[in-house]
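One file, model-v9.cif, carrying mmCIF, C-alpha atoms:
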data_query
#
loop_
_atom_site.label_atom_id
_atom_site.label_comp_id
_atom_site.auth_asym_id
_atom_site.auth_seq_id
_atom_site.Cartn_x
_atom_site.Cartn_y
_atom_site.Cartn_z
CA MET C 1 -29.01 24.83 66.72
CA ALA C 2 -30.74 23.60 63.64
CA ASP C 3 -33.54 21.16 64.24
CA THR C 4 -33.17 19.17 61.08
CA MET C 5 -30.50 18.21 58.62
CA GLN C 6 -30.40 17.10 55.05
CA PHE C 7 -30.67 13.33 54.74
CA ASP C 8 -29.88 11.42 51.56
CA LEU C 9 -29.96 7.69 51.05
CA VAL C 10 -28.47 6.60 47.75
CA SER C 11 -27.58 3.24 46.29
CA PRO C 12 -25.42 2.78 43.18
CA GLU C 13 -28.50 2.36 41.06
CA ARG C 14 -30.76 5.10 42.37
CA LYS C 15 -31.56 7.66 44.97
CA LEU C 16 -33.86 6.06 47.53
CA ALA C 17 -34.73 8.83 49.92
CA SER C 18 -34.01 12.44 50.49
CA GLY C 19 -35.39 14.99 52.90
CA GLN C 20 -35.05 16.71 56.22
CA ALA C 21 -34.37 14.44 59.16
CA THR C 22 -33.98 15.03 62.87
CA SER C 23 -31.88 11.98 63.54
CA VAL C 24 -30.42 9.02 61.68
CA LEU C 25 -29.36 5.79 63.35
CA ILE C 26 -26.54 4.27 61.34
CA PRO C 27 -25.31 0.69 61.73
CA GLY C 28 -21.61 1.55 61.63
CA SER C 29 -19.11 -1.26 61.27
CA ASP C 30 -17.64 -0.40 64.68
CA GLY C 31 -21.04 -0.04 66.29
CA ASP C 32 -24.27 1.89 65.87
CA LEU C 33 -24.16 5.64 65.88
CA THR C 34 -26.86 8.26 65.72
CA ALA C 35 -26.30 11.34 63.63
CA MET C 36 -28.14 14.47 64.65
CA PRO C 37 -27.81 18.03 63.39
CA ASP C 38 -24.43 19.60 64.20
CA HIS C 39 -22.73 16.25 64.50
CA SER C 40 -18.98 16.45 64.01
CA PRO C 41 -17.89 15.34 60.52
CA VAL C 42 -17.45 11.58 60.31
CA VAL C 43 -17.05 9.05 57.55
CA THR C 44 -17.84 5.51 58.60
CA THR C 45 -18.33 2.20 56.90
CA MET C 46 -21.54 0.32 57.57
CA ARG C 47 -22.23 -3.27 58.44
CA PRO C 48 -25.41 -5.00 57.29
CA GLY C 49 -28.13 -3.71 59.57
CA ILE C 50 -31.12 -1.46 59.95
CA LEU C 51 -31.00 2.24 59.29
CA VAL C 52 -33.55 4.27 61.25
CA VAL C 53 -34.44 7.76 60.08
CA ASP C 54 -36.62 10.23 61.95
CA MET C 55 -38.11 12.43 59.28
CA ASP C 56 -40.93 14.96 59.10
CA GLY C 57 -43.19 12.23 57.79
CA GLY C 58 -42.44 9.90 60.72
CA THR C 59 -39.86 7.22 61.31
CA GLN C 60 -38.61 5.20 58.39
CA GLU C 61 -36.53 2.09 58.50
CA TYR C 62 -34.34 0.63 55.81
CA ALA C 63 -32.41 -2.61 55.71
CA VAL C 64 -28.94 -2.02 54.28
CA THR C 65 -26.38 -4.64 53.35
CA GLY C 66 -23.32 -2.48 53.77
CA GLY C 67 -21.79 0.66 52.35
CA PHE C 68 -20.69 3.81 54.07
CA ALA C 69 -21.98 7.04 55.49
CA GLN C 70 -20.74 10.58 55.46
CA ILE C 71 -21.93 12.81 58.25
CA THR C 72 -21.41 16.55 58.38
CA ALA C 73 -22.82 19.25 60.63
CA ASP C 74 -25.73 19.89 58.29
CA GLY C 75 -26.37 16.57 56.68
CA ALA C 76 -26.00 12.83 56.54
CA THR C 77 -25.42 10.99 53.29
CA ILE C 78 -25.76 7.24 53.28
CA LEU C 79 -24.16 5.44 50.37
CA ALA C 80 -25.56 1.96 50.71
CA ASP C 81 -24.58 -1.04 48.61
CA GLU C 82 -28.18 -2.10 48.74
CA ALA C 83 -31.02 -0.57 50.69
CA VAL C 84 -34.63 -1.70 50.92
CA PRO C 85 -37.46 -0.25 53.04
CA ARG C 86 -37.95 -2.55 55.99
CA GLY C 87 -41.42 -3.68 54.97
CA GLU C 88 -40.24 -4.72 51.51
CA VAL C 89 -37.29 -6.89 52.44
CA SER C 90 -37.56 -10.30 50.89
CA MET C 91 -36.19 -13.13 52.96
CA ASP C 92 -35.12 -14.94 49.81
CA MET C 93 -32.89 -12.06 48.83
CA LEU C 94 -31.39 -11.99 52.29
CA ALA C 95 -30.80 -15.72 52.27
CA GLU C 96 -29.05 -15.34 48.96
CA ARG C 97 -26.75 -12.64 50.39
CA ILE C 98 -25.97 -14.86 53.36
CA ALA C 99 -25.14 -17.76 51.07
CA THR C 100 -22.79 -15.55 49.02
CA ALA C 101 -21.13 -14.29 52.18
CA GLU C 102 -20.72 -17.81 53.51
CA ALA C 103 -19.13 -18.91 50.27
CA ALA C 104 -16.74 -15.95 50.51
CA ARG C 105 -15.91 -16.86 54.10
CA ASP C 106 -15.17 -20.46 53.24
CA GLY C 107 -13.00 -19.44 50.30
CA ALA C 108 -10.95 -16.81 52.13
CA ASP C 109 -8.09 -17.07 54.57
CA GLY C 110 -6.37 -14.91 57.17
CA ALA C 111 -7.70 -11.44 57.88
CA ARG C 112 -10.13 -11.67 55.00
CA ALA C 113 -11.76 -14.74 56.49
CA ASP C 114 -12.36 -12.77 59.69
CA ASP C 115 -13.98 -9.95 57.76
CA ALA C 116 -16.08 -12.40 55.79
CA ALA C 117 -17.12 -14.22 58.97
CA LYS C 118 -18.16 -10.89 60.50
CA ARG C 119 -20.23 -10.15 57.44
CA VAL C 120 -22.01 -13.48 57.71
CA ALA C 121 -22.71 -12.84 61.38
CA ASP C 122 -23.98 -9.32 60.65
CA LEU C 123 -26.25 -10.55 57.89
CA GLU C 124 -27.63 -13.26 60.13
CA ALA C 125 -28.24 -10.70 62.86
CA LEU C 126 -30.08 -8.56 60.32
CA ARG C 127 -32.19 -11.52 59.30
CA ASP C 128 -33.07 -12.30 62.91
CA ALA C 129 -33.92 -8.65 63.56
CA LEU C 130 -36.27 -8.63 60.60
CA GLY C 131 -37.76 -12.07 60.99
CA MET P 132 -34.24 -1.54 -19.31
CA PRO P 133 -35.28 -3.22 -16.05
CA ASN P 134 -38.71 -4.70 -16.37
CA LEU P 135 -41.67 -3.51 -14.35
CA LYS P 136 -41.91 -6.58 -12.18
CA ASP P 137 -38.30 -6.29 -11.00
CA LEU P 138 -38.80 -2.67 -10.08
CA LYS P 139 -41.98 -3.46 -8.20
CA THR P 140 -40.17 -6.14 -6.18
CA ARG P 141 -37.33 -3.77 -5.34
CA ILE P 142 -39.69 -1.05 -4.18
CA ASP P 143 -41.49 -3.53 -1.94
CA SER P 144 -38.24 -4.78 -0.45
CA VAL P 145 -36.99 -1.25 0.29
CA LYS P 146 -40.36 -0.48 1.84
CA SER P 147 -40.08 -3.38 4.23
CA THR P 148 -36.50 -2.40 5.08
CA ARG P 149 -37.79 1.06 5.94
CA LYS P 150 -40.41 -0.46 8.20
CA ILE P 151 -37.73 -2.41 10.05
CA THR P 152 -35.39 0.54 10.51
CA GLN P 153 -38.29 2.69 11.64
CA ALA P 154 -39.26 0.12 14.24
CA MET P 155 -35.65 -0.19 15.40
CA GLN P 156 -35.43 3.56 15.74
CA MET P 157 -38.52 3.67 17.92
CA VAL P 158 -37.29 0.81 20.09
CA ALA P 159 -33.93 2.54 20.47
CA ALA P 160 -35.68 5.77 21.45
CA ALA P 161 -37.62 4.00 24.18
CA LYS P 162 -34.53 2.17 25.41
CA LEU P 163 -32.53 5.38 25.32
CA ARG P 164 -35.00 7.06 27.62
CA ARG P 165 -34.69 4.21 30.09
CA ALA P 166 -30.90 4.15 29.83
CA GLU P 167 -30.72 7.89 30.39
CA GLU P 168 -32.93 7.58 33.44
CA ALA P 169 -30.72 4.84 34.84
CA ALA P 170 -27.61 6.92 34.23
CA GLY P 171 -29.22 9.92 35.89
CA ALA P 172 -30.33 7.86 38.87
CA ALA P 173 -26.83 6.54 39.41
CA ARG P 174 -25.20 9.94 39.28
CA PRO P 175 -25.83 11.10 42.89
CA TYR P 176 -24.10 8.03 44.26
CA ALA P 177 -21.08 8.41 42.01
CA GLU P 178 -20.76 12.10 42.83
CA GLN P 179 -21.00 11.59 46.58
CA PHE P 180 -18.63 8.70 46.35
CA ASN P 181 -16.06 10.72 44.49
CA SER P 182 -16.20 13.60 46.90
CA VAL P 183 -15.68 11.27 49.87
CA MET P 184 -12.84 9.52 48.09
CA ALA P 185 -11.21 12.79 47.13
CA GLY P 186 -11.16 13.83 50.78
CA LEU P 187 -9.77 10.47 51.83
CA ALA P 188 -7.17 10.26 49.12
CA ALA P 189 -5.89 13.73 49.91
CA GLY P 190 -5.55 12.70 53.56
CA VAL P 191 -3.41 9.58 53.16
CA GLY P 192 -0.93 10.93 50.64
CA ASP P 193 1.67 8.45 49.45
CA SER P 194 1.24 5.86 52.14
CA GLY P 195 -2.07 4.49 50.83
CA PRO P 196 -2.77 1.06 49.39
CA THR P 197 -1.40 0.18 45.96
CA LEU P 198 -4.84 0.56 44.40
CA LEU P 199 -4.49 4.28 45.07
CA THR P 200 -0.79 4.93 44.73
CA GLY P 201 0.02 2.37 42.07
CA THR P 202 2.56 -0.42 42.08
CA GLY P 203 5.40 1.96 41.41
CA SER P 204 5.70 0.80 37.83
CA ASP P 205 3.71 1.36 34.67
CA GLN P 206 5.07 -1.52 32.65
CA THR P 207 1.90 -3.50 32.15
CA HIS P 208 -1.29 -1.81 31.06
CA LEU P 209 -4.73 -3.32 31.15
CA LEU P 210 -7.22 -1.80 28.74
CA ILE P 211 -10.83 -2.50 29.58
CA VAL P 212 -12.72 -1.88 26.38
CA MET P 213 -16.47 -1.60 26.67
CA SER P 214 -18.60 -1.88 23.58
CA ALA P 215 -22.04 -3.02 22.56
CA GLU P 216 -23.30 -6.56 22.18
CA ARG P 217 -25.09 -5.65 18.98
CA GLY P 218 -24.26 -3.82 15.83
CA LEU P 219 -26.38 -1.51 13.68
CA CYS P 220 -25.54 1.47 15.81
CA GLY P 221 -23.50 3.62 13.48
CA GLY P 222 -19.93 4.32 14.45
CA PHE P 223 -20.49 3.61 18.13
CA ASN P 224 -18.38 0.47 18.45
CA SER P 225 -15.77 1.54 15.95
CA SER P 226 -15.06 4.85 17.63
CA ILE P 227 -14.42 3.23 21.01
CA VAL P 228 -12.23 0.57 19.43
CA LYS P 229 -10.40 3.22 17.43
CA LEU P 230 -9.47 5.11 20.58
CA ALA P 231 -8.42 1.94 22.38
CA ARG P 232 -6.42 0.78 19.41
CA ALA P 233 -4.60 4.09 19.07
CA ASN P 234 -3.61 3.96 22.72
CA ALA P 235 -2.61 0.32 22.57
CA LYS P 236 -0.38 1.12 19.61
CA LYS P 237 1.22 4.00 21.48
CA LEU P 238 1.85 1.85 24.54
CA ILE P 239 3.32 -1.01 22.53
CA ALA P 240 5.56 1.44 20.68
CA ALA P 241 6.76 2.71 24.07
CA GLY P 242 7.74 -0.83 25.00
CA LYS P 243 4.93 -1.47 27.48
CA THR P 244 3.05 -4.70 27.83
CA VAL P 245 -0.58 -4.37 26.84
CA LYS P 246 -3.40 -6.60 27.99
CA ILE P 247 -6.94 -6.14 26.85
CA LEU P 248 -10.15 -7.11 28.61
CA THR P 249 -13.25 -6.69 26.50
CA VAL P 250 -16.80 -6.12 27.62
CA GLY P 251 -19.29 -6.59 24.82
CA LYS P 252 -19.00 -8.74 21.74
CA LYS P 253 -18.60 -6.14 19.02
CA GLY P 254 -15.48 -4.54 20.40
CA ARG P 255 -13.88 -7.94 20.82
CA GLU P 256 -14.54 -8.86 17.21
CA GLN P 257 -12.84 -5.71 16.00
CA LEU P 258 -9.86 -5.97 18.33
CA LYS P 259 -9.31 -9.64 17.55
CA ARG P 260 -7.98 -8.74 14.14
CA ASP P 261 -4.89 -6.87 15.31
CA TYR P 262 -4.55 -7.63 18.99
CA SER P 263 -5.70 -11.21 19.42
CA GLU P 264 -2.58 -12.13 21.42
CA HIS P 265 -3.25 -9.28 23.86
CA LEU P 266 -6.81 -10.28 24.71
CA ILE P 267 -6.87 -11.82 28.16
CA GLY P 268 -10.53 -11.97 28.93
CA HIS P 269 -14.03 -11.19 27.87
CA VAL P 270 -17.21 -10.29 29.71
CA ASP P 271 -20.38 -11.32 27.97
CA LEU P 272 -23.38 -9.14 28.69
CA SER P 273 -25.56 -10.36 25.84
CA GLU P 274 -27.97 -12.04 28.27
CA VAL P 275 -28.26 -8.91 30.39
CA LYS P 276 -31.20 -6.72 29.55
CA ASN P 277 -30.58 -3.80 31.87
CA VAL P 278 -27.10 -3.44 33.28
CA GLY P 279 -27.15 -3.47 37.06
CA TYR P 280 -24.63 -2.75 39.75
CA THR P 281 -24.03 -6.49 40.14
CA ASN P 282 -22.70 -6.65 36.56
CA ALA P 283 -20.27 -3.89 37.40
CA GLN P 284 -19.29 -5.66 40.60
CA ASP P 285 -18.53 -8.84 38.69
CA ILE P 286 -16.30 -7.00 36.26
CA ALA P 287 -14.62 -5.07 39.06
CA SER P 288 -13.88 -8.17 41.12
CA ASP P 289 -12.39 -9.85 38.07
CA VAL P 290 -10.17 -6.82 37.47
CA LEU P 291 -9.22 -6.59 41.15
CA ALA P 292 -8.32 -10.28 41.32
CA ARG P 293 -6.02 -9.80 38.36
CA PHE P 294 -4.49 -6.75 40.03
CA ASP P 295 -3.86 -8.68 43.24
CA GLU P 296 -2.03 -11.30 41.26
CA GLY P 297 0.18 -8.65 39.75
CA GLU P 298 -1.10 -9.12 36.23
CA PHE P 299 -0.99 -5.40 35.47
CA ASP P 300 0.05 -2.05 36.92
CA VAL P 301 -2.32 0.40 35.31
CA ALA P 302 -5.93 -0.14 34.28
CA THR P 303 -7.78 2.13 31.92
CA LEU P 304 -11.44 2.02 31.04
CA TYR P 305 -12.67 2.76 27.53
CA PHE P 306 -16.29 3.69 27.04
CA SER P 307 -18.44 6.23 25.31
CA GLN P 308 -19.71 9.28 27.13
CA PHE P 309 -23.28 10.13 26.27
CA GLU P 310 -23.58 13.77 25.26
CA SER P 311 -26.68 13.75 23.10
CA VAL P 312 -28.39 11.58 20.51
CA ILE P 313 -26.05 12.83 17.82
CA SER P 314 -22.88 13.00 19.87
CA GLN P 315 -21.24 10.25 21.91
CA ILE P 316 -17.65 10.84 22.83
CA PRO P 317 -15.27 7.91 23.35
CA GLN P 318 -13.46 8.33 26.66
CA GLU P 319 -10.56 6.82 28.49
CA LEU P 320 -10.55 6.77 32.26
CA GLN P 321 -7.74 5.47 34.40
CA ILE P 322 -9.23 3.48 37.27
CA ILE P 323 -6.13 1.87 38.78
CA PRO P 324 -4.24 3.63 40.30
CA ALA P 325 -7.28 5.68 41.09
CA HIS P 326 -7.60 9.41 40.62
CA PHE P 327 -10.23 11.41 42.39
CA GLU P 328 -10.88 14.97 41.56
CA ALA P 329 -12.16 17.09 44.38
CA ASN P 330 -15.06 18.93 42.82
CA GLU P 331 -16.45 20.54 45.94
CA ASP P 332 -13.99 22.53 47.93
CA GLU P 333 -16.15 22.56 51.04
CA THR P 334 -16.19 18.79 51.56
CA ALA P 335 -12.52 18.48 50.77
CA SER P 336 -11.61 21.08 53.35
CA THR P 337 -13.80 19.61 56.10
CA LEU P 338 -11.78 17.48 58.45
CA PHE P 339 -13.55 14.21 58.87
CA ASP P 340 -13.16 11.64 61.56
CA TYR P 341 -12.80 8.24 60.01
CA GLU P 342 -14.30 5.19 61.52
CA PRO P 343 -12.69 2.63 61.75
CA GLY P 344 -9.45 4.30 60.49
CA GLU P 345 -8.57 6.07 57.27
CA GLU P 346 -6.59 3.13 55.99
CA GLU P 347 -9.28 0.58 56.74
CA ILE P 348 -11.90 2.73 55.10
CA LEU P 349 -9.73 3.19 52.05
CA ARG P 350 -9.10 -0.51 51.82
CA GLU P 351 -12.83 -1.11 51.97
CA LEU P 352 -13.83 1.68 49.63
CA LEU P 353 -11.25 1.47 46.86
CA PRO P 354 -12.56 -1.80 45.40
CA ARG P 355 -15.99 -0.25 45.58
CA ALA P 356 -14.67 2.79 43.73
CA VAL P 357 -13.57 0.55 40.89
CA ALA P 358 -17.02 -1.02 40.74
CA THR P 359 -18.67 2.38 40.82
CA GLN P 360 -16.56 3.67 37.96
CA VAL P 361 -17.14 0.53 35.93
CA PHE P 362 -20.85 0.91 36.62
CA SER P 363 -21.03 4.49 35.44
CA GLY P 364 -19.02 3.49 32.38
CA LEU P 365 -21.51 0.73 31.63
CA LEU P 366 -24.47 3.06 32.03
CA GLU P 367 -22.98 5.79 29.86
CA ASN P 368 -22.17 3.18 27.27
CA ALA P 369 -25.71 1.79 27.31
CA ALA P 370 -27.16 5.25 26.77
CA SER P 371 -24.63 6.05 24.07
CA GLU P 372 -25.33 2.81 22.26
CA GLN P 373 -29.04 3.49 22.10
CA GLY P 374 -28.44 7.09 21.08
CA ALA P 375 -26.10 6.04 18.31
CA ARG P 376 -28.52 3.36 17.15
CA MET P 377 -31.38 5.81 17.15
CA SER P 378 -29.62 8.28 14.88
CA ALA P 379 -28.22 5.54 12.66
CA MET P 380 -31.69 4.10 12.18
CA ASP P 381 -33.14 7.54 11.61
CA ASN P 382 -30.65 8.02 8.76
CA ALA P 383 -31.41 4.58 7.39
CA THR P 384 -35.13 5.30 7.40
CA ARG P 385 -34.59 8.55 5.55
CA ASN P 386 -32.31 6.92 2.98
CA ALA P 387 -34.86 4.19 2.40
CA GLY P 388 -37.51 6.86 1.79
CA ASP P 389 -35.28 8.61 -0.78
CA MET P 390 -34.63 5.33 -2.48
CA ILE P 391 -38.34 4.52 -2.67
CA ASP P 392 -39.00 7.90 -4.28
CA LYS P 393 -36.28 7.34 -6.85
CA LEU P 394 -37.41 3.84 -7.66
CA THR P 395 -41.04 4.96 -7.94
CA ILE P 396 -40.11 7.60 -10.50
CA GLN P 397 -38.15 5.03 -12.44
CA PHE P 398 -41.07 2.64 -12.23
CA ASN P 399 -43.51 5.26 -13.57
CA ARG P 400 -41.21 6.25 -16.40
CA THR P 401 -40.69 2.66 -17.43
CA ARG P 402 -44.41 2.02 -17.36
CA GLN P 403 -45.02 5.10 -19.51
CA ALA P 404 -42.33 3.97 -21.96
CA VAL P 405 -43.99 0.59 -22.27
CA ILE P 406 -47.38 2.20 -22.97
CA THR P 407 -45.87 4.56 -25.57
CA ASN P 408 -44.15 1.67 -27.22
CA GLU P 409 -47.37 -0.30 -27.48
CA LEU P 410 -49.21 2.71 -28.91
CA ILE P 411 -46.51 3.20 -31.56
CA GLU P 412 -46.79 -0.43 -32.50
CA ILE P 413 -50.58 -0.26 -32.83
CA ILE P 414 -50.50 2.97 -34.82
CA SER P 415 -47.80 1.82 -37.17
CA GLY P 416 -49.67 -1.46 -37.58
CA ALA P 417 -52.84 0.42 -38.51
CA GLU P 418 -51.01 2.67 -40.97
CA ALA P 419 -49.47 -0.30 -42.72
CA LEU P 420 -52.89 -1.67 -43.63
#
Could you render the structure as structure tokens?
Amino acid sequence: MADTMQFDLVSPERKLASGQATSVLIPGSDGDLTAMPDHSPVVTTMRPGILVVDMDGGTQEYAVTGGFAQITADGATILADEAVPRGEVSMDMLAERIATAEAARDGADGARADDAAKRVADLEALRDALG
Amino acid sequence: MPNLKDLKTRIDSVKSTRKITQAMQMVAAAKLRRAEEAAGAARPYAEQFNSVMAGLAAGVGDSGPTLLTGTGSDQTHLLIVMSAERGLCGGFNSSIVKLARANAKKLIAAGKTVKILTVGKKGREQLKRDYSEHLIGHVDLSEVKNVGYTNAQDIASDVLARFDEGEFDVATLYFSQFESVISQIPQELQIIPAHFEANEDETASTLFDYEPGEEEILRELLPRAVATQVFSGLLENAASEQGARMSAMDNATRNAGDMIDKLTIQFNRTRQAVITNELIEIISGAEAL
């Protein structure tokens, strides 16, 4: 069994990280999951949360605000809407995202309102985890 | 014969024009480098995204959401025409508009309804002449210095809201693909209903588990796919614009140089003619005495 797998973290605007990782903890929208080498192929959406990567250079953590992840036996690719290294997260930015999500929740109805409410809750959980 | 002072003024004015075009060329070159970098940085995301979507789209077949399979009609077309906010970039704006106009004409001739959404001022100005009744919206990016994903998201959510309200059946994006400084190719790309080309056979053939379910993922990702495509269109367009401006300004600088040379020769000849004339007058004056 391979010890490491290819890990890529990309956002629409740029590639944020790439390298060999031993495990990646992904905040999936149905719950956290950890991808390790030889994981069965999965595509999952992500909720706002913290992505933890064990790489050669140590553990790295990124705050992501959503997106999705593609996991194969020899790699994990994270396509985040926005991703920031944990140490560089600005609370103002996060507060802004929460405000946008709240506005979306208040404007929506039906199933969409539930989704929007979940997003607000996830973002708030992310804020509490960081703060 | 133009007098010396007029010529001198003209030479000076052409010289200052050359200075301006030279400066614009250098600014465009610097901006082009940045725009190219941004386009390159965004490419991995778009590629990964497309390969995931290709796998997903192949899996659901005809039962997918309307964003993927279409509304079942192609009566109303939305053309999203992206152009620059500024001129002085050669044929950049005109070539995009030309392509869009040709297609609009074809669609109208086929009896379809055409709606046009413009991004960027210059394209709108050109389309207003013939298609003013088809224009349904405009996105102003003149305040935006570097296009970001949020700009694309705004455009995409506007387009998606219109789609949800049944305003159109098919959406096509018009932008310019950046090939090189001297070549930018106007492109059309159909974004709704979406097409994804599987470029890597290995990812397409891998059977993925989908979490939550395929349908939920598709519903979540398709709007994002629109934003991603709009974003890459915007980035390509930004690079193309700067490339086109750079070569246009390079030409302008060269033309100004040629003109200065020509005017200088004319200036020297005129000056010599004046001197000769004066000499003749003096000599014939002296001989008369």
For the PyMOL selection byres ((chain P and resi 152) around 8), applied here, can you spell out every residue it catches as number ranges by chain? P: 148-151, 153-156, 380-381, 383-384
Please produce a file of the residues just selected, as a PDB file, keeping the file's coordinate frame, where the atoms kept are C-alpha atoms.
ATOM      1  CA  THR P 148     -36.500  -2.400   5.080  1.00  0.00           C
ATOM      2  CA  ARG P 149     -37.790   1.060   5.940  1.00  0.00           C
ATOM      3  CA  LYS P 150     -40.410  -0.460   8.200  1.00  0.00           C
ATOM      4  CA  ILE P 151     -37.730  -2.410  10.050  1.00  0.00           C
ATOM      5  CA  GLN P 153     -38.290   2.690  11.640  1.00  0.00           C
ATOM      6  CA  ALA P 154     -39.260   0.120  14.240  1.00  0.00           C
ATOM      7  CA  MET P 155     -35.650  -0.190  15.400  1.00  0.00           C
ATOM      8  CA  GLN P 156     -35.430   3.560  15.740  1.00  0.00           C
ATOM      9  CA  MET P 380     -31.690   4.100  12.180  1.00  0.00           C
ATOM     10  CA  ASP P 381     -33.140   7.540  11.610  1.00  0.00           C
ATOM     11  CA  ALA P 383     -31.410   4.580   7.390  1.00  0.00           C
ATOM     12  CA  THR P 384     -35.130   5.300   7.400  1.00  0.00           C
TER      13      THR P 384
END
How would you write, as a PyMOL selection string, the residues chosen by the PyMOL selection byres ((chain P) within 10 of (chain C)) on this structure? chain P and resi 168-177+179-180+183+187+278-281+334+337-345+347-349+351-352+355+358-359+362-363+366
Starting from the PyMOL selection byres ((chain C and resi 86-96) around 10), expand the selection into actual residues of this file and give them as a count of residues only. 24
What gap, in Å, lies between atom CA of P:Lys276 and atom CA of P:Leu209? 26.7 Å
Atom CA of P:Cys220 and atom CA of P:Val250 are how many Å apart? 16.5 Å
So how far away is atom CA of P:Pro324 from atom CA of P:Ala356, in Å?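 Computing it gives 11.0 Å between the two atoms.
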Using only C-alpha atoms, which protein or nucleic acid residues come within 12 Å of P:Ser288? Drop anything in the same chain fewer than 3 positions from it, and give the result as a list in words.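 With the cut-off at 12 Å, the set is Thr281, Asn282, Ala283, Gln284, Asp285, Leu291, Ala292, Arg293, Phe294, Asp295, Leu353, Pro354, Arg355, Ala356, Val357, Ala358, Thr359 and Val361 of chain P.
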Could you write out as lines of an AutoDock Vina configuration file the box around stretch 140-152 of chain P (axis-aligned, all atoms listed in the file, 3 Å on each side), with centre and edge lengths in Å to one decimal?
center_x = -38.4
center_y = -2.5
center_z = 2.2
size_x = 12.1
size_y = 13.2
size_z = 22.7
Within 10 Å of (-28.7, 14.7, 63.3), all atoms listed in the file: residues as number ranges by chain? C: 2-7, 20-25, 34-40, 53-54, 71-76
Quick one: write out the picked residues with C-alpha atoms as a CSV table (one decimal), keeping the file's coordinate frame?
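File written: again_34.csv
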chain,number,residue,atom,x,y,z
C,2,ALA,CA,-30.7,23.6,63.6
C,3,ASP,CA,-33.5,21.2,64.2
C,4,THR,CA,-33.2,19.2,61.1
C,5,MET,CA,-30.5,18.2,58.6
C,6,GLN,CA,-30.4,17.1,55.0
C,7,PHE,CA,-30.7,13.3,54.7
C,20,GLN,CA,-35.0,16.7,56.2
C,21,ALA,CA,-34.4,14.4,59.2
C,22,THR,CA,-34.0,15.0,62.9
C,23,SER,CA,-31.9,12.0,63.5
C,24,VAL,CA,-30.4,9.0,61.7
C,25,LEU,CA,-29.4,5.8,63.4
C,34,THR,CA,-26.9,8.3,65.7
C,35,ALA,CA,-26.3,11.3,63.6
C,36,MET,CA,-28.1,14.5,64.6
C,37,PRO,CA,-27.8,18.0,63.4
C,38,ASP,CA,-24.4,19.6,64.2
C,39,HIS,CA,-22.7,16.2,64.5
C,40,SER,CA,-19.0,16.4,64.0
C,53,VAL,CA,-34.4,7.8,60.1
C,54,ASP,CA,-36.6,10.2,62.0
C,71,ILE,CA,-21.9,12.8,58.2
C,72,THR,CA,-21.4,16.6,58.4
C,73,ALA,CA,-22.8,19.2,60.6
C,74,ASP,CA,-25.7,19.9,58.3
C,75,GLY,CA,-26.4,16.6,56.7
C,76,ALA,CA,-26.0,12.8,56.5
